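J.: Got a structure for you, questions after.
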Amino acid sequence: MAIVMDVEESRKTRKDRLVARVPSSLKDYIKRVANGAFTYSKAVGGWTAPFEPKLIGMVEERFADLEDVKFTPRLTAYLKKLKSTQEQIIGSPLKCDPLFPDDSLMEFQRGSVRFLSTAKKCVLTHDMGLGKTVIACRAIQYNNIRKAIIIAPNSVKWAWVDHLYEWADWQDPVYVVDTKKIDDNRFTLITGNKQNREAQIGDFVFNQGEGILVMNYEQARIHGDLLQRGLYDALIIDEAHRIKGRQAQRTKIITNIAKQAAYVWMLTGTLIRNNYDDPYTLLHICDDTRFSGYWNFVKAHLSTSVNVFGGMDIIGMRNAEAYQRMLSVYTYGKKKKEVMPQLPPKIYHEIPLPMNKDQREKYKEMEDTFLVELQSLGAEDNPELLAADSVATQLLRLRQLCLWPGMVDVAGSSAKLDYLEDLFKELMEEGRTFLVFTWFRGFAEAVNNLLLELDIPSGMIIGGQDSSERHETVTALNDGRIRAITGTIGSMGEGLNLQKANTVVFTDQDWVPANNSQAEDRVHRANTVKSPQIIKIYHPFSVEEDVRAVCARKEHRISKSSAMVETARNMIYRNK
């Protein structure tokens with residue numbers, strides 16, 4: 001008796017799947033293989049699972065001492081073809097000769113273009129500043145793409161327009177969806193109310209054979225029903241980690257649009273942002289046969305444990321080598337130090353700034369009241385209580401008070417604003433161009449007001465701004481017309497090329513370390529010749545020190561919610 005492994009097409013999904021026909025004596029075993037990845041199907045008279053090559057190995061390993069596992073000729077042929085395709089994809093970046101004369105690319109960028117071309121639906125994961133946008137534009141030219149959609153954060157839409165003309169040698173129409181009328185003859189602006197936009201987008205979708213449509217994520221969500229009815233040569237998704245939430249409406253819509261494109265290129269410098277399941281949605285877009293269900297992906301590749309709420313937590317990879325091997329077929333990424341060893345390192349300055357006396361008293365009173373509440377609830381050992389909205393709100397108020405008492409409607413001066421006044425004068429005397437990051441919009445506005453008072457030519461990038469206004473601010477910095485930009489980490493921390501600046505000032509940090517790193521890399525890019533200065537200001541013996549400790553322990557994978565829980569726990573321990 002033997003387990004017979006086959007590959008068949010599901011009548012329902014029209015996707016290939018594994019089929020295991022198992023002797024009745026082994027049914028109890030197959031139920032448990034791969035944590036329940038197989039389910040019984042009466043239609044095929046066997047146990048079925050998504051077509052995941054690793055499951056075949058798991059079956060072989062589990063039943064090695066019990067029965068033979070036999071592959072049908074069809075499955076053998078399928079695996080042989082799959083292996084050949086994977087070898088082509090993995091080997092494609094190794095060819096680094098010029099794509100065409102004067103392509104102006106570095107060798108790893110040429111290999112990246114070939115990877116995008118060979119894999120067709122894939123993720124480019126180079127470090128920030130290594131030219132993912134440039135690579136995608138050259139790939140448009142290399143593959144003779146004629147009709148495409150680019151979905152990008154609002155802050156970088158106009159940068160894409162510039163890059164298309166510079167790096168894709170684009171001669172056909174460019175359409176940009178925006179809310180503000182802009183006088184620029186390089187592109188056709190799609191604006192007006194939803195009905196007007198739908199008419200113009202519909203013309204592109206159904207009537208135009210050539211052209212590129214540039215829009216942000218929210219616009220893609222709003223017009224998704226229309227967009228997913230068209231056919232495209234390519235879909236490019238910039239800062240693709242924004243669609244990791246598999247239940248989000250915009251993720252579902254963009255996934256459907258991706259099905260209509262021959263090429264889907266997703267760009268992100270942080271593939272694994274919070275945990276090892278982060279890549280699932282992007283992998284599903286790349287190959288919805290292999291990655292047909294989230295929990296099948298988890299069962300095949302990740303280790304889990306039951307948390308205090310009765311749910312499942314991802315605690316690691318089942319096999320790190322196998323996990324990375326799986327990713328290598330769909331993702332390609334290089335580190336700065338690997339491809340640009342000449343790139344100067346960042347220089348960090350940690351500034352432990354004491355609060356002024358009045359601010360310290362107000363802070364201590366608020367923190368003590370908060371701690372008494374937590375301890376009375378017994379929250380120290382209860383993550384569920386630490387995760388409550390009321391705790392999150394109080395943590396935010398403490399962080400705001402550290403920046404400026406006025407943010408929590410308390411009178412008083414700010415030690416950080418006083419320090420920044422002196423720091424800004426010093427940076428100007430040294431001839432520096434600088435960025436100032438904060439997590440809070442209100443403090444960004446306060447810092448911007450300070451710059452105006454000091455007569456420092458400056459701009460601001462925060463949420464809710466028109467994309468053209470942001471683009472003008474970035475252009476003004478890179479042209480040398482302004483010397484500083486203040487912005488929130490969420491709005492200014494990704495996608496923007498701000499390497500004209502040579503200094504970054506953090507007045508506070510994001511809960512997620514990857515977001516802080518992305519913000520730093522606005523000034524640490526391919527053409528950087530001098531080490532950028534990264535200045536981080538924090539108040540010792542405060543919630544800011546607790547946030548720093550959490551980020552230091554979980555440098556690569558941490559979510560905002562878990563960071564808040566750990567920060568509250570740190571605060572309790574610090575005050576014991």
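Residue numbering restarts at 1 for every chain of the structure tokens, chains are lettered A, B, ... in their displayed order, and ligands are numbered from 1 as they appear.
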Go through segment 350-527 of chain A and collect every residue that DSSP, computed from the backbone, puts in alpha helix (DSSP H); the answer should be as a PDB file with C-alpha atoms, in the first residue's frame.
T.:
ATOM      1  CA  LYS A 357      11.530  71.592  35.867  1.00  0.00           C
ATOM      2  CA  ASP A 358       7.915  72.584  35.165  1.00  0.00           C
ATOM      3  CA  GLN A 359       7.544  70.035  32.360  1.00  0.00           C
ATOM      4  CA  ARG A 360       9.067  67.262  34.512  1.00  0.00           C
ATOM      5  CA  GLU A 361       6.591  67.951  37.319  1.00  0.00           C
ATOM      6  CA  LYS A 362       3.624  67.835  34.954  1.00  0.00           C
ATOM      7  CA  TYR A 363       4.934  64.681  33.313  1.00  0.00           C
ATOM      8  CA  LYS A 364       5.605  62.931  36.628  1.00  0.00           C
ATOM      9  CA  GLU A 365       2.102  63.711  37.857  1.00  0.00           C
ATOM     10  CA  MET A 366       0.519  62.281  34.701  1.00  0.00           C
ATOM     11  CA  GLU A 367       2.749  59.179  34.678  1.00  0.00           C
ATOM     12  CA  ASP A 368       2.174  58.420  38.376  1.00  0.00           C
ATOM     13  CA  THR A 369      -1.602  58.647  37.941  1.00  0.00           C
ATOM     14  CA  PHE A 370      -1.381  56.313  34.953  1.00  0.00           C
ATOM     15  CA  LEU A 371       0.756  53.768  36.842  1.00  0.00           C
ATOM     16  CA  VAL A 372      -1.609  53.718  39.812  1.00  0.00           C
ATOM     17  CA  GLU A 373      -4.477  52.923  37.426  1.00  0.00           C
ATOM     18  CA  LEU A 374      -2.521  50.117  35.770  1.00  0.00           C
ATOM     19  CA  GLN A 375      -1.423  48.571  39.049  1.00  0.00           C
ATOM     20  CA  SER A 376      -4.928  48.740  40.533  1.00  0.00           C
ATOM     21  CA  LEU A 377      -6.155  46.728  37.531  1.00  0.00           C
ATOM     22  CA  PRO A 383      -1.512  41.771  28.166  1.00  0.00           C
ATOM     23  CA  GLU A 384      -5.212  42.088  27.427  1.00  0.00           C
ATOM     24  CA  LEU A 385      -5.519  45.034  29.815  1.00  0.00           C
ATOM     25  CA  LEU A 386      -2.304  46.586  28.537  1.00  0.00           C
ATOM     26  CA  ASP A 389      -7.669  51.595  24.076  1.00  0.00           C
ATOM     27  CA  SER A 390      -7.525  53.589  27.301  1.00  0.00           C
ATOM     28  CA  VAL A 391      -3.901  52.509  27.858  1.00  0.00           C
ATOM     29  CA  ALA A 392      -2.959  53.426  24.283  1.00  0.00           C
ATOM     30  CA  THR A 393      -4.560  56.853  24.701  1.00  0.00           C
ATOM     31  CA  GLN A 394      -2.667  57.537  27.908  1.00  0.00           C
ATOM     32  CA  LEU A 395       0.641  56.473  26.346  1.00  0.00           C
ATOM     33  CA  LEU A 396       0.033  58.925  23.523  1.00  0.00           C
ATOM     34  CA  ARG A 397      -0.714  61.734  25.985  1.00  0.00           C
ATOM     35  CA  LEU A 398       2.541  61.029  27.831  1.00  0.00           C
ATOM     36  CA  ARG A 399       4.467  61.102  24.570  1.00  0.00           C
ATOM     37  CA  GLN A 400       2.808  64.371  23.579  1.00  0.00           C
ATOM     38  CA  LEU A 401       3.632  65.937  26.934  1.00  0.00           C
ATOM     39  CA  CYS A 402       7.282  65.002  26.387  1.00  0.00           C
ATOM     40  CA  LEU A 403       7.225  67.066  23.204  1.00  0.00           C
ATOM     41  CA  ALA A 415      12.489  71.612  26.606  1.00  0.00           C
ATOM     42  CA  LYS A 416      12.630  70.120  23.103  1.00  0.00           C
ATOM     43  CA  LEU A 417      11.485  73.285  21.327  1.00  0.00           C
ATOM     44  CA  ASP A 418      14.055  75.253  23.340  1.00  0.00           C
ATOM     45  CA  TYR A 419      16.758  72.747  22.346  1.00  0.00           C
ATOM     46  CA  LEU A 420      15.631  72.707  18.698  1.00  0.00           C
ATOM     47  CA  GLU A 421      15.925  76.503  18.508  1.00  0.00           C
ATOM     48  CA  ASP A 422      19.621  76.297  19.389  1.00  0.00           C
ATOM     49  CA  LEU A 423      20.144  73.198  17.234  1.00  0.00           C
ATOM     50  CA  PHE A 424      18.592  74.787  14.141  1.00  0.00           C
ATOM     51  CA  LYS A 425      20.792  77.881  14.481  1.00  0.00           C
ATOM     52  CA  GLU A 426      23.841  75.615  14.759  1.00  0.00           C
ATOM     53  CA  LEU A 427      22.852  73.550  11.716  1.00  0.00           C
ATOM     54  CA  MET A 428      22.341  76.702   9.656  1.00  0.00           C
ATOM     55  CA  GLU A 429      25.765  78.050  10.679  1.00  0.00           C
ATOM     56  CA  ARG A 441       1.165  66.218  13.269  1.00  0.00           C
ATOM     57  CA  GLY A 442       0.586  68.824  15.981  1.00  0.00           C
ATOM     58  CA  PHE A 443       4.250  68.911  16.908  1.00  0.00           C
ATOM     59  CA  ALA A 444       5.279  69.064  13.243  1.00  0.00           C
ATOM     60  CA  GLU A 445       3.239  72.252  12.991  1.00  0.00           C
ATOM     61  CA  ALA A 446       4.873  73.630  16.159  1.00  0.00           C
ATOM     62  CA  VAL A 447       8.367  72.907  14.778  1.00  0.00           C
ATOM     63  CA  ASN A 448       7.441  74.490  11.447  1.00  0.00           C
ATOM     64  CA  ASN A 449       6.313  77.626  13.287  1.00  0.00           C
ATOM     65  CA  LEU A 450       9.676  77.705  15.068  1.00  0.00           C
ATOM     66  CA  LEU A 451      11.522  77.530  11.737  1.00  0.00           C
ATOM     67  CA  LEU A 452       9.429  80.413  10.416  1.00  0.00           C
ATOM     68  CA  GLU A 453      10.208  82.476  13.530  1.00  0.00           C
ATOM     69  CA  SER A 467       0.301  65.628  -3.515  1.00  0.00           C
ATOM     70  CA  SER A 468       1.394  68.484  -5.778  1.00  0.00           C
ATOM     71  CA  GLU A 469       2.119  70.616  -2.697  1.00  0.00           C
ATOM     72  CA  ARG A 470       4.332  67.864  -1.290  1.00  0.00           C
ATOM     73  CA  HIS A 471       6.112  67.512  -4.619  1.00  0.00           C
ATOM     74  CA  GLU A 472       6.784  71.249  -4.719  1.00  0.00           C
ATOM     75  CA  THR A 473       8.246  71.087  -1.188  1.00  0.00           C
ATOM     76  CA  VAL A 474      10.564  68.205  -2.150  1.00  0.00           C
ATOM     77  CA  THR A 475      11.621  70.027  -5.333  1.00  0.00           C
ATOM     78  CA  ALA A 476      12.327  73.208  -3.373  1.00  0.00           C
ATOM     79  CA  LEU A 477      14.608  71.287  -0.987  1.00  0.00           C
ATOM     80  CA  ASN A 478      16.507  69.522  -3.762  1.00  0.00           C
ATOM     81  CA  ASP A 479      16.817  72.799  -5.711  1.00  0.00           C
ATOM     82  CA  ILE A 489       7.251  59.897  10.026  1.00  0.00           C
ATOM     83  CA  GLY A 490       4.164  58.451   8.361  1.00  0.00           C
ATOM     84  CA  SER A 491       3.930  61.101   5.626  1.00  0.00           C
ATOM     85  CA  MET A 492       7.572  62.023   4.978  1.00  0.00           C
ATOM     86  CA  PRO A 513      11.648  50.377  14.040  1.00  0.00           C
ATOM     87  CA  ALA A 514      11.301  49.796  10.282  1.00  0.00           C
ATOM     88  CA  ASN A 515       9.442  53.102   9.948  1.00  0.00           C
ATOM     89  CA  ASN A 516      12.263  54.965  11.689  1.00  0.00           C
ATOM     90  CA  SER A 517      14.823  53.309   9.405  1.00  0.00           C
ATOM     91  CA  GLN A 518      12.812  54.264   6.331  1.00  0.00           C
ATOM     92  CA  ALA A 519      12.755  57.878   7.475  1.00  0.00           C
ATOM     93  CA  GLU A 520      16.535  57.884   7.979  1.00  0.00           C
TER      94      GLU A 520
END
J.: Please list as a PDB file with N, CA and C atoms, in the first residue's frame every residue within 8 Å of Arg114 of chain A, counting only C-alpha atoms and excluding residues in the same chain fewer than 6 positions away.
T.:
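Final output, saved to part07.pdb:
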ATOM      1  N   SER A  92      18.251  34.763 -13.004  1.00  0.00           N
ATOM      2  CA  SER A  92      18.120  35.928 -13.887  1.00  0.00           C
ATOM      3  C   SER A  92      18.901  37.155 -13.421  1.00  0.00           C
ATOM      4  N   PRO A  93      18.992  37.447 -12.114  1.00  0.00           N
ATOM      5  CA  PRO A  93      19.731  38.660 -11.715  1.00  0.00           C
ATOM      6  C   PRO A  93      21.245  38.535 -11.891  1.00  0.00           C
ATOM      7  N   LYS A  95      22.861  37.931 -14.552  1.00  0.00           N
ATOM      8  CA  LYS A  95      23.284  38.507 -15.829  1.00  0.00           C
ATOM      9  C   LYS A  95      23.231  40.024 -15.705  1.00  0.00           C
ATOM     10  N   ALA A 139      12.591  48.682 -16.517  1.00  0.00           N
ATOM     11  CA  ALA A 139      11.896  47.433 -16.862  1.00  0.00           C
ATOM     12  C   ALA A 139      10.719  47.703 -17.796  1.00  0.00           C
TER      13      ALA A 139
END
J.: Which residues in segment 291-534 of chain A does DSSP call strand (DSSP E or B)? List them as a VMD selection string.
T.: chain A and resid 302 to 306 312 to 317 331 to 332 347 to 352 434 to 438 458 to 461 484 to 488 503 to 506 533 to 534
J.: With 8 Å as the cut-off and only C-alpha atoms counted, what is the closest atom pair between each nearby residue of segment 294-371 of chain A and segment 528-541 of chain A? Distances in Å to one decimal, ordered by chain and number, as a Markdown table.
T.:
| residue | atom | partner | partner_atom | distance |
| --- | --- | --- | --- | --- |
| A:Leu343 | CA | A:Thr528 | CA | 6.7 |
| A:Pro344 | CA | A:Ser531 | CA | 4.9 |
| A:Pro345 | CA | A:Ser531 | CA | 5.4 |
| A:Lys346 | CA | A:Pro532 | CA | 5.2 |
| A:Ile347 | CA | A:Gln533 | CA | 5.0 |
| A:Tyr348 | CA | A:Ile534 | CA | 4.7 |
| A:His349 | CA | A:Ile535 | CA | 4.7 |
| A:Glu350 | CA | A:Lys536 | CA | 5.0 |
| A:Ile351 | CA | A:Ile537 | CA | 4.7 |
| A:Pro352 | CA | A:Tyr538 | CA | 5.3 |
| A:Leu353 | CA | A:His539 | CA | 5.1 |
| A:Pro354 | CA | A:His539 | CA | 5.6 |
| A:Met355 | CA | A:His539 | CA | 6.5 |
J.: Convert the current residue selection to file output with C-alpha atoms, as a PDB file, in the first residue's frame.
T.:
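Output file again21.pdb is given in full below:
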ATOM      1  CA  LEU A 343      28.400  54.303   0.687  1.00  0.00           C
ATOM      2  CA  PRO A 344      29.328  56.256   3.820  1.00  0.00           C
ATOM      3  CA  PRO A 345      27.786  55.059   7.083  1.00  0.00           C
ATOM      4  CA  LYS A 346      25.171  57.004   8.981  1.00  0.00           C
ATOM      5  CA  ILE A 347      26.506  58.808  12.039  1.00  0.00           C
ATOM      6  CA  TYR A 348      24.159  58.695  15.021  1.00  0.00           C
ATOM      7  CA  HIS A 349      23.928  61.237  17.818  1.00  0.00           C
ATOM      8  CA  GLU A 350      21.750  60.210  20.761  1.00  0.00           C
ATOM      9  CA  ILE A 351      20.718  63.281  22.760  1.00  0.00           C
ATOM     10  CA  PRO A 352      19.395  62.496  26.288  1.00  0.00           C
ATOM     11  CA  LEU A 353      17.703  65.825  26.979  1.00  0.00           C
ATOM     12  CA  PRO A 354      16.363  66.490  30.494  1.00  0.00           C
ATOM     13  CA  MET A 355      12.918  68.075  30.737  1.00  0.00           C
TER      14      MET A 355
END
J.: What is the distance, in Å and to one decimal place, between atom CA of Val205 of chain A and atom CA of Lys147 of chain A?
T.: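 Atom CA of Lys147 of chain A lies 9.3 Å from atom CA of Val205 of chain A.
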J.: Using only C-alpha atoms, what table do you get, as JSON lines, when you list each residue of segment 84-117 of chain A with an atom no more than 12 Å from segment 262-282 of chain A, its nearest pair of atoms, and their distance in Å rounded to one decimal, rows by chain then rising number?
T.:
{"residue": "A:Ser112", "atom": "CA", "partner": "A:Trp265", "partner_atom": "CA", "distance": 11.1}
{"residue": "A:Val113", "atom": "CA", "partner": "A:Trp265", "partner_atom": "CA", "distance": 10.4}
{"residue": "A:Phe115", "atom": "CA", "partner": "A:Trp265", "partner_atom": "CA", "distance": 10.2}
{"residue": "A:Leu116", "atom": "CA", "partner": "A:Trp265", "partner_atom": "CA", "distance": 6.8}
{"residue": "A:Ser117", "atom": "CA", "partner": "A:Tyr263", "partner_atom": "CA", "distance": 8.0}
J.: Using the selection just defined, write its residues with C-alpha atoms as a compact mmCIF listing (two decimals), in the first residue's frame.
T.:
# COMPACT_ATOMS: atom_id res chain seq x y z
CA SER A 112 17.03 43.53 -11.06
CA VAL A 113 15.43 44.50 -14.38
CA PHE A 115 14.53 39.53 -12.50
CA LEU A 116 11.35 41.60 -12.96
CA SER A 117 11.22 40.51 -16.60
J.: Of the candidates A:Ala248, A:Val176, A:Leu496, A:Ala568, which shows the shortest atom-to-atom distance to Glu544 of chain A, using only C-alpha atoms?
T.: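 The shortest atom-to-atom distance to Glu544 of chain A comes from A:Ala568.
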J.: Between A:Val543, A:Leu79, A:Ala43, A:Met312, which residue has the minimum interatomic distance to Val7 of chain A, considering only C-alpha atoms?
T.: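 The closest residue to Val7 of chain A is A:Leu79.
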J.: How many Å lie between atom CA of Gly480 of chain A and atom CA of Asn497 of chain A, rounded to one decimal?
T.: 13.9 Å
J.: Residues at most 7 Å from Pro173 of chain A, counting only C-alpha atoms, excluding those fewer than 4 positions away in the same chain, as a ChimeraX atom specification?
T.: /A:187,211-212
J.: In Å to one decimal, how far is atom CA of Lys500 of chain A from atom CA of Phe437 of chain A?
T.: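 Separating atom CA of Phe437 of chain A from atom CA of Lys500 of chain A is a distance of 15.9 Å.
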J.: Give me the residues of segment 58-137 of chain A that have any atom at most 10 Å from an atom of segment 20-24 of chain A; for each, the nearest atom pair and the distance in Å, rounded to one decimal. Use only C-alpha atoms, sort by chain and number, and format it as JSON lines.
T.:
{"residue": "A:Val59", "atom": "CA", "partner": "A:Ala20", "partner_atom": "CA", "distance": 9.2}
{"residue": "A:Glu67", "atom": "CA", "partner": "A:Pro23", "partner_atom": "CA", "distance": 9.6}
{"residue": "A:Val69", "atom": "CA", "partner": "A:Ala20", "partner_atom": "CA", "distance": 9.3}
{"residue": "A:Lys70", "atom": "CA", "partner": "A:Ala20", "partner_atom": "CA", "distance": 9.6}
{"residue": "A:Phe71", "atom": "CA", "partner": "A:Ala20", "partner_atom": "CA", "distance": 9.6}
J.: Which residue gives the smallest distance to Leu55 of chain A among A:Val177, A:Ala300, A:Ile190, A:Met564, with only C-alpha atoms counted?
T.: A:Ala300
J.: Could you pull the residues within 12 Å of Asn144 of chain A, counting only C-alpha atoms, minus those fewer than 5 positions along the same chain, as a CSV table (one decimal) with C-alpha atoms, in the first residue's frame?
T.:
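The resulting file, result-v4.csv, is shown below:
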chain,number,residue,atom,x,y,z
A,117,SER,CA,11.2,40.5,-16.6
A,137,CYS,CA,11.1,52.4,-15.1
A,138,ARG,CA,13.9,50.7,-17.0
A,139,ALA,CA,11.9,47.4,-16.9
A,168,ALA,CA,11.6,54.7,-19.1
A,169,ASP,CA,12.0,57.0,-22.2
A,170,TRP,CA,8.2,57.2,-22.1
A,171,GLN,CA,6.7,58.8,-25.2
A,172,ASP,CA,3.0,57.8,-24.8
A,210,GLU,CA,-1.3,52.8,-24.7
A,211,GLY,CA,-0.6,55.0,-21.7
A,233,ASP,CA,0.7,45.0,-19.7
A,234,ALA,CA,1.9,45.9,-16.2
A,263,TYR,CA,3.5,41.8,-15.2
J.: Counting only C-alpha atoms, which of A:Leu130, A:Val505, A:Ile315, A:Ala119 gets nearest to Lys337 of chain A?
T.: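 Ranking A:Leu130, A:Val505, A:Ile315, A:Ala119 by distance to Lys337 of chain A, first place goes to A:Leu130.
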